[in-house]
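*Asks:* One structure, pasted below without further comment.
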Amino acid sequence: MDAIQLIYLVPLLPLIGCLINGLGRNALSKSLVGIIGSGVVLISFCISFLVFIAATKEGFTTQNIQYFDFIHVGKLQIPFEFQIDQLTSLFLLIITGVGFIIHVYSVGYMKDETQSGFGRYFSYLNLFVFSMLILVMGGNYVMMYIGWEGVGLCSYLLIGFWFKDHANNDAGKKAFIMNRIGDVGFLLAVFWLISAFGTTSYNELYNPQNGIITSFTAINSPGIVGITLLLFVGAIGKSAQIPLYTWLPDAMAGPTPVSALIHAATMVTAGIYMIARSNILYSLAPVTLAGVATIGLITAIVAAIIALKQNDIKKVLAYSTVSQLGYMFLGLGVGAYSAAVFHVMTHAFFKALLFLGAGSVIHAMGGEQDMTKMGGLGKKMKITYVTFFIATLAIAGIPPFSGFFSKDEILSATYAESPLMYVLGVGGALLTAFYMFRLLAMTFKGKFRGTEEQEHHLHESPPTMTIPLIILAILAAVAGFIGLPDVFVKNGNKLADFLSPVFAHSQQILTAREVPHQTDMMLIIISSVLIIIVSIRAFMKFKNYSPVAASDNGFVKAIKNKFYVDEAYDVLFVKPYRSVSAFLNNVFDKKGIDAIVNGVGKSVNYGSRQLRLLQSGQVGSYLLLMVIGLLILFIIQLFTK
Amino acid sequence: MEIKWYIFLSLTLFCIGIIGALTRRNSIIVFMCIELMLNSVNLLLVAFSKMHMATPNAFNYSIASSAQIFVFFIMIVAAAEVSVGLAIIVMLYRNTRSIDINFLNRLKN
Amino acid sequence: MLGTYFTFPELLIWIPFITGLIAIFIKNNKSVKMFALLSSIATLAVSVISLCYSDVAHHHEFFYYNNVSYVWMPYIGSSFSVGLDGMGFLLTFLTAFSYPLIFAATYKTDHKNPNAFFALMLLTQAGIMGVFVATDALLFYFFWELALIPIYFLCSKWGGEKRIFATFKFFVYTFLGSLLMLVGIIYVYVHTPSVSADSAHSFSLNAFYNAILSPHQQDWLFWLFFIAFAVKIPIFPFHTWQPDVYEQSNYPSVMVLSGLMVKMGAFGVIRWILPIFPLAVAKFDNLVMVFCIIGLLYASCIALYQNDLKRFVAWSSIAHLGLMSAAIFAANNLSLQGVMLEMLNHGINILALWIIVDIIEKKTGVRKISELSGLAAKSPALAIFLVIIAFANIALPLSNSFISEFLMLNGLFQFNIWFAVFGTLGIVVSAVYMLSMVQKTFYGKTNGLVEKAQKMSAGQGIVLFVLVIAILFLGIYPEPVIHLTQSTVTDILGRIPLK
């Protein structure tokens with residue numbers, strides 16, 4: 001249990017790193033900043049690893065560590081507490097592990113920055129790791145919310161890292177605001193939880209012995225449906241699902257390692273973590289679960305379609321992330337919580353790898369991100385090419401790479417729920433294979449289509465960048481084996497066994513529908529064969545890509561323009577908001593309320609100007625007025641008696 | 001004598017004072033008229049005081065004595081007022097060589 | 001010991017009052033500045049010491065250090081009685097804490113007639129302190145006006161071109177409200193029971209709490225008091241004086257106005273409306289809250305459109321105060337406790353924002369958002385401060401206003417879900433305008449104007465640092481403040497039987 005005692009160091013160290021790098025960014029040398037920035041995350045990773053080992057041991061129970069009262073008003077008590085269970089320890093490993101790798105990669109990638117910019121970058125990155133750790137370690141929903149908004153802040157800062165260009169700032173602002181819209185849902189859900197149950201603590205809500213929610217049996221009670229729906233709104237914002245997904249592609253304006261860490265591996269999976277954490281609540285609300293599955297599936301397919309026609313290498317990966325997140329929500333929605341978490345893990349490996357590989361390519365191309373200007377890079381950048389290839393195989397779901405196992409687990413659970421959804425899901429997987437191999441072929445195969453200067457400049461990246469690629473490639477290749485389906489190996493799904501205490505109660509509520517092994521086997525074979533065929537087809541088609549000016553029909557044009565969603569939001573929300581604000585300022589406030597106020601003042605002014613004429617200055621007239629006044633008083637006196 | 005004769009007398013004096021103050025332009029006359037009004041009130045106060053003394057009881061005594069104290073107050077205030085007022089009129093005369101109150105509209109504006 | 005010769009509330013009033021009078025005679029610019037700063041530090045010291053004696057619940061003897069009553073006008077039942085309760089401790093501390101920071105942050109600024117300027121500033125402080133500690137209605141009114149009159153002169157003598165018009169509007173507006181309140185005070189007064197042999201009625205706070213008022217009387221008395229406080233806070237639609245005054249006035253006065261004087265309104269509602277007119281509050285709370293929430297969204301919309309940084313801060317302040325006023329009328333434990341925190345937090349945050357606007361104007365000579373660009377590259381320290389303060393303003397967790405807005409919205413949620421929904425929409429919109437402002441002024445390429453900017457002074461840096469530390473501390477560990485004000489909240493709620 002020693003590791004559990006040290007658990008506060010896990011988030012504290014990155015925070016210290018953030019402060020040192022932030023305050024000392026002008027004094028510390030770049031290499032020192034890099035060592036501090038990566039070192040603190042490495043130590044956190046080591047402690048997380050010990051915690052993970054402790055969690056795998058027999059007889060491990062969920063640990064609650066309370067530090068101090070964060071908010072304590074009357075009956076409402078929200079302590080600053082951590083809760084460590086299997087789910088948390090897994091996320092800790094992913095965050096600190098992938099985080100460390102990306103920190104190391106960043107040292108190479110950001111080496112051209114100015115000294116103070118370099119310090120600022122690592123400071124933000126450490127702050128992000130801190131917030132993300134708070135998010136997953138927090139022992140109640142308010143703690144989660146702290147991390148939740150904290151990662152939003154870091155995402156904002158890092159997307160707008162190169163703040164001299166307003167396009168980056170706009171993207172950062174958009175990300176933050178869209179997240180905030182989701183956060184409204186989260187916050188309201190927390191309020192609802194407090195007013196319904198009086199607590200937000202996981203321990204008091206979900207404790208298997210006497211948790212408030214655990215003892216609930218009513219299915220689809222309005223309160224729980226409301227809370228879960230509102231929480232899901234929060235997850236939609238953070239995990240970029242329809243309709244709040246448009247910020248994620250724009251977020252690619254940030255440095256590429258940031259895209260890898262925040263917008264692929266960790267932050268965007270916070271929504272999945274939240275639902276997995278609240279699995280008991282969600283299992284009691286099948287209505288919400290159906291909504292989660294539907295939104296997830298639609299997002300998975302729509303984003304995959306958009307990715308087909310994008311030419312910006314990072315944009316393709318961004319839409320691919322949105323699509324993969326959709327799969328995770330699909331998994332959650334059909335009650336396959338551990339499958340969704342499994343996919344979070346494998347996705348963290350292969351998507352981080354894809355982004356880092358893309359970063360390596362962009363680095364070599366001198367900042368160029370357009371795939372139509374690349375080609376043939378495989379010869380010059382062997383390591384990047386091979387690792388990228390492995391990641392592509394993983395994400396496409398080709399056995400035996402990691403993505404195959406996790407995606408298959410989700411899809412087979414979907415089949416148990418609804419065969420139609422399964423078919424759509426497989427369709428999305430085929431699209432994934434297609435656009436990924438298109439990306440691979442356009443970038444690394446064929447002839448180089450860029451300028452001569454770029455060609456001259458092409459080179460493999462330095463070891464600080466390639467070693468992370470190799471590590472991630474190994475992980476992306478083999479990570480799937482911890483979750484082998486029962487069809488292949490009896491009790492092969494070690495990960496599901498590990499996580500089972502967290503999801504045990506939900507599995508009792510949701511009557512699991514088993515798919516017969518033969519059917520499952522058949523589905524796996526068919527889908528794998530289809531995926532392989534599509535992959536080869538895409539690879540062949542784009543192997544010798546050359547840009548041709550083809551006129552697009554309407555549908556293709558719509559895809560290229562991302563279905564005009566951004567434009568629609570602009571017309572529907574942004575512009576009306578601006579014009580309402582102008583109207584209120586110029587007309588309603590100035591000509592309405594203020595005019596009334598000033599009007600009262602002006603009328604008093606006018607009245608006194610008229611009354612002033614009575615003051616003639618003639619003593620006689622004053623006397624006369626006085627006498628008349630006296631007479632009036634007398635007369636009143638006479639007649640009122 | 002009945003009280004009503006005193007009232008008539010002081011009313012007459014008061015009206016003379018008002019009419020004088022309203023119609024005359026010489027500020028000394030106006031001033032005298034104001035004094036006349038004051039003194040008519042004094043007369044009335046004294047008369048009522050006497051009337052209350054006629055039916056002796058504690059309450060009436062206190063009223064009667066207050067009335068007479070009032071009279072003294074008014075006389076003292078009037079004396080002070082006269083000295084200030086006459087001083088103003090003298091200054092006015094020195095400045096404008098006139099004591100016509102219609103010249104006195106400088107208070108305007 | 002300090003408390004045995006003079007009680008703390010007396011000291012808090014008399015130190016600024018007497019030093020204010022002395023300051024008139026110090027003609028030298030430098031010495032009067034130093035004198036005012038020292039005076040405000042002395043007040044802060046007293047306030048901090050008084051906080052050590054705040055735990056009346058466990059140390060009954062502390063009560064005598066914090067409460068005192070002198071004979072003032074016994075024939076009409078008014079006495080010079082002052083006292084500190086939890087809310088009083090909090091707000092006097094805020095006042096005492098703000099003043100040295102205001103003086104230090106604007107230390108480099110030279111004013112015409114500095115002796116009059118600092119004298120009026122200190123007199124205002126005395127008035128504000130008096131409002132927060134008075135436990136007698138007439139004394140409360142007296143201090144209420146005492147705070148208003150010096151600030152009127154401050155704003156009308158030192159400021160922008162149209163300051164006379166703006167300040168006159170402000171004065172008439174607030175004075176009208178105060179007079180209505182005076183009528184209300186007198187009306188309640190004649191319905192109070194007697195507490196001493198000298199007079200039939202009493203102006204003391206307790207007598208007011210025990211006044212016998214029919215529901216109908218409460219109804220219109222509520223409005224008499226409410227308008228006075230609503231103008232001060234300000235609650236929509238009584239807000240139009242605020243942007244004009246903030247735009248036209250000098251920075252120290254604006255900091256006092258927005259950081260401290262608006263709290264007088266909120267304080268007034270909590271102490272003088274909720275417990276005295278509970279029936280009327282129960283009757284009108286929905287109506288008032290609708291206006292508060294409208295004000296919140298309305299001001300947030302308008303803030304986005306502003307081009308002048310001062311007007312921008314003014315509107316963002318109106319938006320925050322809209323939420324705060326709504327939470328006051330929700331009148332449950334969570335919301336009122338949130339309001340207590342928010343009064344402190346809003347004071348700190350808005351002070352920090354004003355200091356930043358002041359620095360920007362000093363550095364570049366303009367405060368038009370459209371003329372500024374890329375300050376972050378030129379002045380990274382200021383940018384870091386601004387980003388922290390901006391995010392504190394939009395209630396990011398681990399900054400102070402998260403706790404207060406969380407509690408207030410939570411209280412609103414328990415009162416009526418829809419108010420909470422629209423209230424939380426407000427925090428989205430606040431993010432929109434705040435981030436737009438940060439982006440337009442601080443990010444982007446530096447333009448010629450910004451290029452010439454100088455560094456900020458050490459004093460300003462220290463003040464901002466102190467404020468940022470306060471923001472973070474209150475955001476991570478708000479427990480001391482909650483503990484301090486809990487007794488007041490319980491007391492007030494105990495006097496509202498219907499809730």
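How things are named: the first chain in the structure tokens is A, the next is B, and so on; residues count from 1 in each chain; ligands count from 1 in the order shown.
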I need the contact residues of chain A against chain C, so if you could list those with any atom within 6 Å, counting only C-alpha atoms, and return them as a JSON list (two decimals) with C-alpha atoms, in the first residue's frame, that would help.
*Replies:*
```
[["chain", "number", "residue", "atom", "x", "y", "z"],
["A", 146, "ILE", "CA", -11.92, 20.72, -11.61],
["A", 163, "PHE", "CA", -0.65, 33.38, -30.26],
["A", 164, "LYS", "CA", 0.61, 35.81, -32.86],
["A", 165, "ASP", "CA", -1.63, 34.18, -35.42],
["A", 166, "HIS", "CA", -5.27, 34.88, -34.75],
["A", 180, "ARG", "CA", -18.00, 25.15, -21.85],
["A", 184, "VAL", "CA", -23.05, 23.55, -18.46],
["A", 191, "PHE", "CA", -26.36, 20.31, -8.99],
["A", 581, "SER", "CA", -25.49, 42.09, -28.69],
["A", 585, "ASN", "CA", -26.08, 47.89, -26.83],
["A", 594, "ASP", "CA", -30.97, 55.06, -20.71]]
```
*Asks:* Write down as number ranges by chain the residues belonging to segment 317-382 of chain C that are assigned helix (DSSP H, G or I) by DSSP computed on the backbone.
*Replies:* C: 317-330, 333-364, 369-371, 375-378, 380-382
*Asks:* Find the residues around Met1 of chain B up to 12 Å (only C-alpha atoms counted), leave out those fewer than 5 positions away in its own chain, and share them as number ranges by chain.
*Replies:* B: 6-7, 47-48, 50-51, 54
*Asks:* Write a file of the selected residues as an mmCIF file, in the first residue's frame, keeping N, CA and C atoms.
*Replies:*
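Full text of part.cif as output:
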```
data_model
loop_
_atom_site.group_PDB
_atom_site.id
_atom_site.type_symbol
_atom_site.label_atom_id
_atom_site.label_comp_id
_atom_site.auth_asym_id
_atom_site.auth_seq_id
_atom_site.Cartn_x
_atom_site.Cartn_y
_atom_site.Cartn_z
ATOM 1 N N TYR B 6 -60.455 94.352 20.199
ATOM 2 C CA TYR B 6 -59.001 94.223 20.027
ATOM 3 C C TYR B 6 -58.679 93.547 18.699
ATOM 4 N N ILE B 7 -59.481 92.505 18.396
ATOM 5 C CA ILE B 7 -59.218 91.787 17.136
ATOM 6 C C ILE B 7 -59.432 92.705 15.952
ATOM 7 N N ALA B 47 -53.664 91.049 23.973
ATOM 8 C CA ALA B 47 -55.101 91.053 24.228
ATOM 9 C C ALA B 47 -55.564 89.658 24.650
ATOM 10 N N PHE B 48 -55.137 88.671 23.941
ATOM 11 C CA PHE B 48 -55.551 87.307 24.294
ATOM 12 C C PHE B 48 -54.994 86.912 25.642
ATOM 13 N N LYS B 50 -54.515 88.827 28.135
ATOM 14 C CA LYS B 50 -55.392 89.450 29.127
ATOM 15 C C LYS B 50 -56.686 88.644 29.256
ATOM 16 N N MET B 51 -57.217 88.232 28.122
ATOM 17 C CA MET B 51 -58.468 87.495 28.135
ATOM 18 C C MET B 51 -58.315 86.205 28.960
ATOM 19 N N ALA B 54 -58.389 86.474 32.639
ATOM 20 C CA ALA B 54 -59.687 86.749 33.244
ATOM 21 C C ALA B 54 -60.270 85.503 33.887
#
```
*Asks:* Quick check for you: according to DSSP on this backbone, which residues of segment 16-125 of chain C are classed as strand (DSSP E or B)? Reply as a compact mmCIF listing (two decimals) with C-alpha atoms, in the first residue's frame.
*Replies:*
```txt
# COMPACT_ATOMS: atom_id res chain seq x y z
CA ASN C 67 -19.88 45.39 19.49
CA VAL C 68 -20.44 48.76 21.11
CA SER C 69 -23.28 51.19 21.55
CA TYR C 70 -23.13 54.84 22.58
CA VAL C 71 -25.93 57.20 23.40
CA TRP C 72 -26.50 59.34 20.35
CA MET C 73 -30.07 60.58 20.08
CA SER C 78 -31.23 56.06 17.90
CA SER C 79 -27.82 55.18 19.23
CA PHE C 80 -24.33 55.07 17.80
CA SER C 81 -24.20 51.32 17.84
CA VAL C 82 -21.79 49.37 15.68
CA GLY C 83 -20.97 45.71 15.59
```
*Asks:* For Phe444 of chain A, please output as a list of chain:residue names all residues within 9 Å (counting only C-alpha atoms; exclusion window: fewer than 6 positions along the same chain).
*Replies:* A:Met374, A:Gly375, A:Gly376, A:Leu377, A:Gly378, A:Lys379, A:Met381, A:Tyr385, A:Lys543
*Asks:* Deliver the residues from the most recent selection as a file, using N, CA and C atoms, as an mmCIF file, in the first residue's frame.
*Replies:*
```
data_model
loop_
_atom_site.group_PDB
_atom_site.id
_atom_site.type_symbol
_atom_site.label_atom_id
_atom_site.label_comp_id
_atom_site.auth_asym_id
_atom_site.auth_seq_id
_atom_site.Cartn_x
_atom_site.Cartn_y
_atom_site.Cartn_z
ATOM 1 N N MET A 374 2.944 16.074 -50.536
ATOM 2 C CA MET A 374 3.929 15.133 -50.000
ATOM 3 C C MET A 374 4.125 13.994 -50.994
ATOM 4 N N GLY A 375 4.412 12.815 -50.463
ATOM 5 C CA GLY A 375 4.589 11.659 -51.340
ATOM 6 C C GLY A 375 6.015 11.169 -51.302
ATOM 7 N N GLY A 376 6.139 9.851 -51.291
ATOM 8 C CA GLY A 376 7.461 9.258 -51.364
ATOM 9 C C GLY A 376 8.323 9.465 -50.150
ATOM 10 N N LEU A 377 7.725 9.832 -49.031
ATOM 11 C CA LEU A 377 8.547 10.102 -47.860
ATOM 12 C C LEU A 377 9.091 8.815 -47.236
ATOM 13 N N GLY A 378 8.476 7.688 -47.588
ATOM 14 C CA GLY A 378 8.881 6.422 -46.992
ATOM 15 C C GLY A 378 10.350 6.117 -47.203
ATOM 16 N N LYS A 379 10.894 6.566 -48.329
ATOM 17 C CA LYS A 379 12.293 6.260 -48.611
ATOM 18 C C LYS A 379 13.234 7.053 -47.724
ATOM 19 N N MET A 381 12.386 8.582 -44.772
ATOM 20 C CA MET A 381 12.115 8.513 -43.338
ATOM 21 C C MET A 381 11.659 7.105 -42.975
ATOM 22 N N TYR A 385 8.142 5.888 -41.289
ATOM 23 C CA TYR A 385 7.268 5.145 -42.187
ATOM 24 C C TYR A 385 6.830 3.843 -41.550
ATOM 25 N N LYS A 543 -1.458 4.892 -54.189
ATOM 26 C CA LYS A 543 -0.023 4.679 -54.136
ATOM 27 C C LYS A 543 0.701 5.648 -55.057
#
```
